[in-house]
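Okay, run_9.txt is below, compact mmCIF, C-alpha atoms:
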# COMPACT_ATOMS: atom_id res chain seq x y z
CA ASN A 1 112.30 72.66 74.05
CA ALA A 2 112.97 75.37 76.58
CA GLY A 3 110.31 77.99 77.06
CA VAL A 4 110.88 81.66 77.75
CA MET A 5 113.55 82.01 80.40
CA GLN A 6 113.69 85.04 82.63
CA ASN A 7 116.28 85.88 85.22
CA PRO A 8 116.62 86.67 87.93
CA ARG A 9 113.33 85.38 89.35
CA HIS A 10 113.56 87.81 92.22
CA LEU A 11 115.48 91.07 92.32
CA VAL A 12 115.83 93.43 95.26
CA ARG A 13 117.15 96.94 94.72
CA ARG A 14 117.41 100.08 96.79
CA ARG A 15 115.97 103.34 95.58
CA GLY A 16 118.26 104.97 93.07
CA GLN A 17 119.95 101.75 91.92
CA GLU A 18 119.63 100.16 88.50
CA ALA A 19 117.66 97.01 87.72
CA ARG A 20 118.43 94.75 84.76
CA LEU A 21 115.96 92.07 83.80
CA ARG A 22 116.86 89.43 81.25
CA CYS A 23 114.72 87.41 78.92
CA SER A 24 115.72 84.59 76.58
CA PRO A 25 112.86 83.86 74.14
CA VAL A 26 111.77 80.48 72.92
CA LYS A 27 114.29 79.17 70.39
CA GLY A 28 113.27 80.36 66.96
CA HIS A 29 111.16 83.26 68.24
CA SER A 30 112.32 86.68 67.12
CA HIS A 31 109.51 88.75 68.64
CA VAL A 32 109.79 89.74 72.31
CA TYR A 33 107.31 91.59 74.49
CA TRP A 34 107.63 92.98 78.01
CA TYR A 35 104.73 93.37 80.41
CA ARG A 36 104.34 94.65 83.94
CA GLN A 37 101.93 93.23 86.50
CA LEU A 38 100.89 94.65 89.84
CA PRO A 39 99.33 92.32 92.46
CA GLU A 40 95.75 91.29 91.65
CA GLU A 41 95.89 93.09 88.30
CA GLY A 42 96.25 92.15 84.67
CA LEU A 43 99.38 92.52 82.61
CA LYS A 44 100.16 95.92 81.12
CA PHE A 45 102.02 96.06 77.83
CA MET A 46 105.31 97.92 77.96
CA VAL A 47 107.37 97.30 74.83
CA TYR A 48 107.60 95.08 71.76
CA LEU A 49 110.94 94.32 70.14
CA GLN A 50 112.05 92.36 67.15
CA LYS A 51 115.73 91.51 66.85
CA GLU A 52 117.70 94.74 67.29
CA ASN A 53 114.61 96.90 66.73
CA ILE A 54 112.05 98.47 69.02
CA ILE A 55 108.71 98.15 67.25
CA ASP A 56 106.34 99.61 69.85
CA GLU A 57 107.33 101.20 73.14
CA SER A 58 104.06 102.99 73.78
CA GLY A 59 103.58 101.33 77.18
CA MET A 60 107.01 102.09 78.54
CA PRO A 61 107.71 105.23 80.61
CA LYS A 62 109.80 107.72 78.65
CA GLU A 63 112.28 108.20 81.48
CA ARG A 64 114.43 105.67 83.33
CA PHE A 65 113.15 102.67 81.32
CA SER A 66 114.83 101.18 78.28
CA ALA A 67 114.74 97.87 76.45
CA GLU A 68 116.92 96.13 73.94
CA PHE A 69 117.02 92.87 72.04
CA PRO A 70 120.50 92.50 70.56
CA LYS A 71 121.41 90.28 67.66
CA GLU A 72 123.09 87.91 70.08
CA GLY A 73 121.97 87.31 73.64
CA PRO A 74 118.86 87.91 75.68
CA SER A 75 116.50 90.84 75.68
CA ILE A 76 117.18 93.28 78.51
CA LEU A 77 114.73 95.54 80.30
CA ARG A 78 116.66 98.19 82.17
CA ILE A 79 115.29 100.46 84.86
CA GLN A 80 117.56 103.23 86.04
CA GLN A 81 117.27 105.07 89.37
CA VAL A 82 114.52 102.78 90.60
CA VAL A 83 111.74 104.10 92.81
CA ARG A 84 109.30 102.27 95.09
CA GLY A 85 106.60 102.45 92.43
CA ASP A 86 108.69 100.25 90.14
CA SER A 87 108.01 97.27 92.43
CA ALA A 88 106.07 94.77 90.33
CA ALA A 89 106.35 91.52 88.45
CA TYR A 90 107.83 91.96 84.98
CA PHE A 91 106.98 89.34 82.40
CA CYS A 92 108.54 88.66 79.07
CA ALA A 93 106.80 86.86 76.22
CA SER A 94 107.92 85.75 72.80
CA SER A 95 106.28 84.68 69.57
CA ARG A 96 107.49 83.26 66.31
CA GLU A 97 105.61 85.82 64.28
CA GLN A 98 103.54 88.86 65.12
CA GLY A 99 99.91 87.95 65.71
CA GLN A 100 100.72 84.43 66.88
CA PRO A 101 100.32 83.23 70.48
CA GLN A 102 102.74 84.78 72.91
CA HIS A 103 104.48 82.40 75.29
CA PHE A 104 105.38 83.82 78.67
CA GLY A 105 108.22 83.33 81.10
CA ASP A 106 107.66 83.06 84.84
CA GLY A 107 108.63 86.67 85.41
CA THR A 108 111.02 88.69 87.52
CA ARG A 109 109.65 90.01 90.76
CA LEU A 110 111.28 93.34 91.47
CA SER A 111 111.20 94.72 94.98
CA ILE A 112 112.46 98.20 95.79
CA LEU A 113 113.55 98.91 99.34
CA GLY B 1 90.98 102.58 81.02
CA GLU B 2 91.05 98.99 79.92
CA SER B 3 88.84 97.96 77.07
CA VAL B 4 88.94 94.32 78.04
CA GLY B 5 87.12 93.55 81.27
CA LEU B 6 85.63 90.65 83.11
CA HIS B 7 82.20 90.43 84.69
CA LEU B 8 83.15 88.32 87.73
CA PRO B 9 86.33 88.84 89.69
CA THR B 10 86.01 85.49 91.55
CA LEU B 11 84.24 82.34 90.48
CA SER B 12 83.75 79.42 92.84
CA VAL B 13 82.88 76.08 91.24
CA GLN B 14 82.51 72.57 92.59
CA GLU B 15 84.82 69.92 91.30
CA GLY B 16 83.24 68.16 88.35
CA ASP B 17 80.98 71.04 87.39
CA ASN B 18 81.46 73.18 84.31
CA SER B 19 82.96 76.67 84.62
CA ILE B 20 82.15 79.67 82.49
CA ILE B 21 84.38 82.72 82.60
CA ASN B 22 83.22 85.81 80.73
CA CYS B 23 85.01 88.71 79.16
CA ALA B 24 83.85 91.90 77.44
CA TYR B 25 85.90 93.87 74.98
CA SER B 26 85.26 97.20 73.33
CA ASN B 27 87.58 97.34 70.31
CA SER B 28 85.70 95.96 67.33
CA ALA B 29 88.94 96.08 65.32
CA SER B 30 90.58 93.40 67.45
CA ASP B 31 91.16 90.36 65.29
CA TYR B 32 92.45 87.76 67.70
CA PHE B 33 91.64 86.74 71.26
CA ILE B 34 93.47 84.55 73.71
CA TRP B 35 92.72 83.01 77.08
CA TYR B 36 95.55 82.60 79.55
CA LYS B 37 95.74 80.80 82.87
CA GLN B 38 98.02 82.15 85.56
CA GLU B 39 98.93 80.17 88.65
CA SER B 40 100.45 81.79 91.68
CA GLY B 41 104.08 82.76 91.14
CA LYS B 42 104.06 81.81 87.48
CA GLY B 43 103.65 83.46 84.14
CA PRO B 44 100.48 83.31 82.05
CA GLN B 45 100.01 79.99 80.30
CA PHE B 46 98.33 79.87 76.90
CA ILE B 47 95.05 77.94 76.98
CA ILE B 48 93.21 78.59 73.76
CA ASP B 49 92.82 81.28 71.13
CA ILE B 50 90.24 82.30 68.57
CA ARG B 51 90.35 84.53 65.51
CA SER B 52 87.62 87.05 64.81
CA ASN B 53 86.37 85.10 61.80
CA MET B 54 85.27 82.28 64.09
CA ASP B 55 82.62 82.12 66.80
CA LYS B 56 83.62 78.91 68.54
CA ARG B 57 86.73 76.88 69.09
CA GLN B 58 87.22 73.76 71.17
CA GLY B 59 90.24 72.33 72.86
CA GLN B 60 90.75 69.64 75.44
CA ARG B 61 88.04 70.31 78.07
CA VAL B 62 87.93 73.98 77.07
CA THR B 63 85.75 75.88 74.63
CA VAL B 64 86.00 79.53 73.68
CA LEU B 65 82.97 81.36 72.33
CA LEU B 66 83.17 84.70 70.57
CA ASN B 67 80.13 86.93 70.05
CA LYS B 68 81.23 89.86 67.97
CA THR B 69 77.78 91.44 67.96
CA VAL B 70 77.94 92.18 71.67
CA LYS B 71 81.74 92.05 71.91
CA HIS B 72 81.75 89.18 74.35
CA LEU B 73 84.16 86.32 74.87
CA SER B 74 83.75 83.33 77.16
CA LEU B 75 85.84 80.40 78.30
CA GLN B 76 84.07 77.20 79.23
CA ILE B 77 85.90 74.54 81.20
CA ALA B 78 84.25 71.14 81.33
CA ALA B 79 84.44 68.92 84.41
CA THR B 80 86.44 71.45 86.41
CA GLN B 81 89.31 69.98 88.39
CA PRO B 82 91.27 71.31 91.40
CA GLY B 83 94.22 71.89 89.09
CA ASP B 84 92.11 74.41 87.19
CA SER B 85 92.23 76.79 90.16
CA ALA B 86 94.03 79.89 88.93
CA VAL B 87 93.45 83.39 87.60
CA TYR B 88 92.18 83.47 84.04
CA PHE B 89 92.82 86.39 81.71
CA CYS B 90 91.35 87.16 78.36
CA ALA B 91 93.47 89.21 76.01
CA GLU B 92 92.67 90.90 72.74
CA ASN B 93 95.16 91.48 69.99
CA ARG B 94 94.97 94.98 68.58
CA ARG B 95 96.69 96.09 65.46
CA THR B 96 98.30 99.51 65.61
CA GLY B 97 99.83 100.31 62.26
CA THR B 98 102.34 97.60 61.42
CA ALA B 99 102.48 96.32 64.98
CA SER B 100 100.05 94.50 67.19
CA LYS B 101 99.92 94.07 70.94
CA LEU B 102 97.91 92.24 73.54
CA THR B 103 95.63 94.07 75.92
CA PHE B 104 94.73 92.05 79.00
CA GLY B 105 91.63 92.13 81.14
CA THR B 106 91.88 92.33 84.91
CA GLY B 107 91.36 88.59 85.42
CA THR B 108 88.95 86.18 87.09
CA ARG B 109 90.03 83.98 89.93
CA LEU B 110 88.62 80.47 89.61
CA GLN B 111 88.31 78.55 92.88
CA VAL B 112 87.50 74.87 92.64
CA THR B 113 85.89 73.43 95.74
CA LEU B 114 85.83 69.74 96.59

Structure re-expressed in structure tokens:
Amino acid sequence: NAGVMQNPRHLVRRRGQEARLRCSPVKGHSHVYWYRQLPEEGLKFMVYLQKENIIDESGMPKERFSAEFPKEGPSILRIQQVVRGDSAAYFCASSREQGQPQHFGDGTRLSIL
Amino acid sequence: GESVGLHLPTLSVQEGDNSIINCAYSNSASDYFIWYKQESGKGPQFIIDIRSNMDKRQGQRVTVLLNKTVKHLSLQIAATQPGDSAVYFCAENRRTGTASKLTFGTGTRLQVTL
């Protein structure tokens, strides 16, 4: 069984460009979570989605950031007009039900030039 | 600030010894706790979890202890091996209305020496 798949693993963007990060959850999991991690720090919750719905986006900046989890296809975390401070590792996790263990992908490392 | 924190940022243990990684949390309403292991360049890997109605749970070579009185969580690794070297995070599951989300501590780096 495939785990959570994230792509790309590494993404380089220039300031002002858009970054799109993709996450395919574990098969059968309908709950997706996005986290951000800075070097030597823990993971910070950004957003929680359940097929086609955003359940909790309290950790996501109000501007430039958006997330979706369409009926078909992967979940997308989109960052518009990237700035240097967006450089981080972004992790996606999925679970079968809320309150059950979240399984993580290996992340996308975003670097802003 | 974070409500989940760790006492020791780095723990050095000799191969074969037991490791104990500690974690404090402040939200008494949290009902579920998880330990994750993160190796360099990888995502967090689930190790073991425990619900708030339990005070101990054992897995293969790992034991999690939960003390709700002092809001303390620990991960014990028996017979530590070089492959156990990683950063370990505790996470608490908090319910907010109909949703719940994980809040992570800052992590403890476990270094296994030969």

- Message: With all atoms listed in the file considered, list every residue of chain B at most 12 Å from chain A, as a PyMOL selection string.
- Response: chain B and resi 1-2+4-6+9-10+30-51+86-109

Could the residues in this selection be saved with C-alpha atoms as a PDB file, in the frame of the given file?
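Result went into again.pdb, see below:
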ATOM      1  CA  GLY B   1      90.980 102.580  81.020  1.00  0.00           C
ATOM      2  CA  GLU B   2      91.050  98.990  79.920  1.00  0.00           C
ATOM      3  CA  VAL B   4      88.940  94.320  78.040  1.00  0.00           C
ATOM      4  CA  GLY B   5      87.120  93.550  81.270  1.00  0.00           C
ATOM      5  CA  LEU B   6      85.630  90.650  83.110  1.00  0.00           C
ATOM      6  CA  PRO B   9      86.330  88.840  89.690  1.00  0.00           C
ATOM      7  CA  THR B  10      86.010  85.490  91.550  1.00  0.00           C
ATOM      8  CA  SER B  30      90.580  93.400  67.450  1.00  0.00           C
ATOM      9  CA  ASP B  31      91.160  90.360  65.290  1.00  0.00           C
ATOM     10  CA  TYR B  32      92.450  87.760  67.700  1.00  0.00           C
ATOM     11  CA  PHE B  33      91.640  86.740  71.260  1.00  0.00           C
ATOM     12  CA  ILE B  34      93.470  84.550  73.710  1.00  0.00           C
ATOM     13  CA  TRP B  35      92.720  83.010  77.080  1.00  0.00           C
ATOM     14  CA  TYR B  36      95.550  82.600  79.550  1.00  0.00           C
ATOM     15  CA  LYS B  37      95.740  80.800  82.870  1.00  0.00           C
ATOM     16  CA  GLN B  38      98.020  82.150  85.560  1.00  0.00           C
ATOM     17  CA  GLU B  39      98.930  80.170  88.650  1.00  0.00           C
ATOM     18  CA  SER B  40     100.450  81.790  91.680  1.00  0.00           C
ATOM     19  CA  GLY B  41     104.080  82.760  91.140  1.00  0.00           C
ATOM     20  CA  LYS B  42     104.060  81.810  87.480  1.00  0.00           C
ATOM     21  CA  GLY B  43     103.650  83.460  84.140  1.00  0.00           C
ATOM     22  CA  PRO B  44     100.480  83.310  82.050  1.00  0.00           C
ATOM     23  CA  GLN B  45     100.010  79.990  80.300  1.00  0.00           C
ATOM     24  CA  PHE B  46      98.330  79.870  76.900  1.00  0.00           C
ATOM     25  CA  ILE B  47      95.050  77.940  76.980  1.00  0.00           C
ATOM     26  CA  ILE B  48      93.210  78.590  73.760  1.00  0.00           C
ATOM     27  CA  ASP B  49      92.820  81.280  71.130  1.00  0.00           C
ATOM     28  CA  ILE B  50      90.240  82.300  68.570  1.00  0.00           C
ATOM     29  CA  ARG B  51      90.350  84.530  65.510  1.00  0.00           C
ATOM     30  CA  ALA B  86      94.030  79.890  88.930  1.00  0.00           C
ATOM     31  CA  VAL B  87      93.450  83.390  87.600  1.00  0.00           C
ATOM     32  CA  TYR B  88      92.180  83.470  84.040  1.00  0.00           C
ATOM     33  CA  PHE B  89      92.820  86.390  81.710  1.00  0.00           C
ATOM     34  CA  CYS B  90      91.350  87.160  78.360  1.00  0.00           C
ATOM     35  CA  ALA B  91      93.470  89.210  76.010  1.00  0.00           C
ATOM     36  CA  GLU B  92      92.670  90.900  72.740  1.00  0.00           C
ATOM     37  CA  ASN B  93      95.160  91.480  69.990  1.00  0.00           C
ATOM     38  CA  ARG B  94      94.970  94.980  68.580  1.00  0.00           C
ATOM     39  CA  ARG B  95      96.690  96.090  65.460  1.00  0.00           C
ATOM     40  CA  THR B  96      98.300  99.510  65.610  1.00  0.00           C
ATOM     41  CA  GLY B  97      99.830 100.310  62.260  1.00  0.00           C
ATOM     42  CA  THR B  98     102.340  97.600  61.420  1.00  0.00           C
ATOM     43  CA  ALA B  99     102.480  96.320  64.980  1.00  0.00           C
ATOM     44  CA  SER B 100     100.050  94.500  67.190  1.00  0.00           C
ATOM     45  CA  LYS B 101      99.920  94.070  70.940  1.00  0.00           C
ATOM     46  CA  LEU B 102      97.910  92.240  73.540  1.00  0.00           C
ATOM     47  CA  THR B 103      95.630  94.070  75.920  1.00  0.00           C
ATOM     48  CA  PHE B 104      94.730  92.050  79.000  1.00  0.00           C
ATOM     49  CA  GLY B 105      91.630  92.130  81.140  1.00  0.00           C
ATOM     50  CA  THR B 106      91.880  92.330  84.910  1.00  0.00           C
ATOM     51  CA  GLY B 107      91.360  88.590  85.420  1.00  0.00           C
ATOM     52  CA  THR B 108      88.950  86.180  87.090  1.00  0.00           C
ATOM     53  CA  ARG B 109      90.030  83.980  89.930  1.00  0.00           C
TER      54      ARG B 109
END

- Residues within 10 Å of (114.9, 92.1, 93.2), file coords, only C-alpha atoms, listed as number ranges by chain: A: 8-14, 19-21, 87-89, 108-113

Let me have the centre and edge lengths in Å, one decimal, of the box along x, y and z around every listed atom of stretch 43-47 of chain A with 6 Å of margin on each side, as JSON.
{"center_x": 103.4, "center_y": 95.2, "center_z": 78.7, "size_x": 20.0, "size_y": 17.4, "size_z": 19.8}

- Compare B:Ser12, B:Thr113, B:Ser28, B:Gln58 by their minimum atom-to-atom distance to B:Ser74, counting only C-alpha atoms, and give me the closest one.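 Under the stated criterion, the closest residue is B:Gln58.
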
- Item | Atomic distance atom CA of B:Gln81 - atom CA of A:Gly3, expressed in Å with one decimal | 25.2 Å

- Message: Could you tell me how far atom CA of A:Gly28 sits from atom CA of A:Leu77, in Å to one decimal place?
- Response: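 For atom CA of A:Leu77 relative to atom CA of A:Gly28, the distance reads 20.3 Å.
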
- Return the single residue from A:Glu52, A:Ala2, A:Glu72, A:Pro61 that is closest to A:Val26, with distances computed using all atoms listed in the file.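 Looking at the shortest contact to A:Val26, the residue is A:Ala2.
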
Within 9 Å of stretch 70-72 of chain B using all atoms listed in the file, minus same-chain residues under 2 positions, as a CSV table (one decimal) with C-alpha atoms, keeping the file's coordinate frame:
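Just written: result_22.csv:
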chain,number,residue,atom,x,y,z
B,22,ASN,CA,83.2,85.8,80.7
B,23,CYS,CA,85.0,88.7,79.2
B,24,ALA,CA,83.8,91.9,77.4
B,25,TYR,CA,85.9,93.9,75.0
B,26,SER,CA,85.3,97.2,73.3
B,27,ASN,CA,87.6,97.3,70.3
B,28,SER,CA,85.7,96.0,67.3
B,65,LEU,CA,83.0,81.4,72.3
B,66,LEU,CA,83.2,84.7,70.6
B,67,ASN,CA,80.1,86.9,70.0
B,68,LYS,CA,81.2,89.9,68.0
B,74,SER,CA,83.8,83.3,77.2

Could you pull out every residue with an atom within 10 Å of (112.6, 106.1, 89.6), file coordinates, counting only C-alpha atoms, and send them as a short mmCIF file (atom, residue, chain, number, x, y, z; two decimals) with C-alpha atoms, keeping the file's coordinate frame?
data_model
loop_
_atom_site.label_atom_id
_atom_site.label_comp_id
_atom_site.auth_asym_id
_atom_site.auth_seq_id
_atom_site.Cartn_x
_atom_site.Cartn_y
_atom_site.Cartn_z
CA ARG A 15 115.97 103.34 95.58
CA GLY A 16 118.26 104.97 93.07
CA GLN A 17 119.95 101.75 91.92
CA GLU A 18 119.63 100.16 88.50
CA GLU A 63 112.28 108.20 81.48
CA ARG A 64 114.43 105.67 83.33
CA PHE A 65 113.15 102.67 81.32
CA ILE A 79 115.29 100.46 84.86
CA GLN A 80 117.56 103.23 86.04
CA GLN A 81 117.27 105.07 89.37
CA VAL A 82 114.52 102.78 90.60
CA VAL A 83 111.74 104.10 92.81
CA ARG A 84 109.30 102.27 95.09
CA GLY A 85 106.60 102.45 92.43
CA ASP A 86 108.69 100.25 90.14
#

- Item | Of the listed residues A:Arg96, A:Arg36, A:Lys27, A:Lys51, that which approaches A:Lys71 most closely, counting only C-alpha atoms |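 Among the listed residues, A:Lys51 lies closest to A:Lys71.
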
- Message: I'd like the interatomic distance between atom CA of A:Cys23 and atom CA of A:Met60, to a tenth of an Å.
- Response: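 Taking atom CA of A:Cys23 and atom CA of A:Met60, their separation equals 16.6 Å.
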
- Got a sec: who's within 6 Å of B:Thr63, counting only C-alpha atoms, leaving out chain neighbours fewer than 6 positions off, as a ChimeraX atom specification? /B:57,75-76

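Proximity to B:Ser85 at 7 Å, evaluated using only C-alpha atoms and with sequence-adjacent residues fewer than 5 positions away removed, yields Leu110, Gln111 and Val112 of chain B.
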
Written record: stretch 57-68 of chain A, all heavy atoms, as a compact mmCIF listing (two decimals), in the first residue's frame:
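result39.txt written:
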# COMPACT_ATOMS: atom_id res chain seq x y z
N GLU A 57 -8.83 26.06 8.83
CA GLU A 57 -7.70 26.72 8.17
C GLU A 57 -7.07 27.75 9.09
O GLU A 57 -6.47 28.73 8.65
CB GLU A 57 -8.13 27.37 6.86
CG GLU A 57 -9.29 28.33 6.98
CD GLU A 57 -9.72 28.91 5.63
OE1 GLU A 57 -8.99 28.75 4.63
OE2 GLU A 57 -10.81 29.52 5.60
N SER A 58 -7.21 27.52 10.39
CA SER A 58 -6.77 28.51 11.37
C SER A 58 -5.27 28.73 11.37
O SER A 58 -4.80 29.76 11.85
CB SER A 58 -7.23 28.09 12.77
OG SER A 58 -6.72 26.81 13.10
N GLY A 59 -4.48 27.79 10.84
CA GLY A 59 -3.03 27.94 10.84
C GLY A 59 -2.46 28.46 9.54
O GLY A 59 -1.25 28.59 9.39
N MET A 60 -3.33 28.77 8.62
CA MET A 60 -2.88 29.20 7.30
C MET A 60 -3.00 30.72 7.18
O MET A 60 -4.04 31.29 7.53
CB MET A 60 -3.73 28.52 6.22
CG MET A 60 -3.12 28.57 4.85
SD MET A 60 -3.79 27.30 3.78
CE MET A 60 -5.46 27.88 3.61
N PRO A 61 -1.96 31.39 6.67
CA PRO A 61 -2.05 32.84 6.48
C PRO A 61 -3.26 33.18 5.61
O PRO A 61 -3.59 32.47 4.67
CB PRO A 61 -0.73 33.19 5.78
CG PRO A 61 0.21 32.11 6.20
CD PRO A 61 -0.62 30.88 6.30
N LYS A 62 -3.89 34.31 5.92
CA LYS A 62 -5.12 34.69 5.21
C LYS A 62 -4.81 35.09 3.76
O LYS A 62 -5.65 34.92 2.87
CB LYS A 62 -5.80 35.86 5.92
CG LYS A 62 -6.30 35.52 7.31
CD LYS A 62 -7.54 34.67 7.23
CE LYS A 62 -8.18 34.43 8.58
NZ LYS A 62 -7.42 33.50 9.42
N GLU A 63 -3.63 35.62 3.54
CA GLU A 63 -3.29 36.10 2.19
C GLU A 63 -2.27 35.16 1.55
O GLU A 63 -1.43 34.56 2.22
CB GLU A 63 -2.72 37.51 2.26
CG GLU A 63 -3.73 38.53 2.79
CD GLU A 63 -3.15 39.93 2.86
OE1 GLU A 63 -1.96 40.11 2.59
OE2 GLU A 63 -3.93 40.86 3.18
N ARG A 64 -2.35 35.03 0.29
CA ARG A 64 -1.42 34.32 -0.60
C ARG A 64 -1.50 32.80 -0.48
O ARG A 64 -1.05 32.12 -1.39
CB ARG A 64 0.04 34.78 -0.34
CG ARG A 64 0.29 36.26 -0.54
CD ARG A 64 1.78 36.58 -0.50
NE ARG A 64 2.40 36.23 0.77
CZ ARG A 64 3.24 35.22 0.94
NH1 ARG A 64 3.56 34.43 -0.07
NH2 ARG A 64 3.77 35.00 2.13
N PHE A 65 -2.02 32.26 0.58
CA PHE A 65 -2.08 30.81 0.78
C PHE A 65 -3.51 30.31 0.55
O PHE A 65 -4.47 30.91 1.02
CB PHE A 65 -1.64 30.42 2.19
CG PHE A 65 -0.16 30.50 2.44
CD1 PHE A 65 0.47 31.73 2.55
CD2 PHE A 65 0.61 29.36 2.57
CE1 PHE A 65 1.83 31.83 2.77
CE2 PHE A 65 1.97 29.42 2.81
CZ PHE A 65 2.58 30.67 2.91
N SER A 66 -3.60 29.17 -0.14
CA SER A 66 -4.89 28.52 -0.29
C SER A 66 -4.68 27.02 -0.39
O SER A 66 -3.59 26.56 -0.73
CB SER A 66 -5.64 29.05 -1.53
OG SER A 66 -4.90 28.76 -2.70
N ALA A 67 -5.71 26.27 -0.07
CA ALA A 67 -5.62 24.82 -0.13
C ALA A 67 -6.92 24.26 -0.65
O ALA A 67 -7.99 24.84 -0.45
CB ALA A 67 -5.30 24.23 1.24
N GLU A 68 -6.82 23.14 -1.35
CA GLU A 68 -8.01 22.47 -1.84
C GLU A 68 -7.79 20.96 -1.82
O GLU A 68 -6.66 20.47 -1.86
CB GLU A 68 -8.36 22.94 -3.25
CG GLU A 68 -7.31 22.63 -4.29
CD GLU A 68 -7.73 23.07 -5.68
OE1 GLU A 68 -8.64 23.90 -5.82
OE2 GLU A 68 -7.12 22.57 -6.66
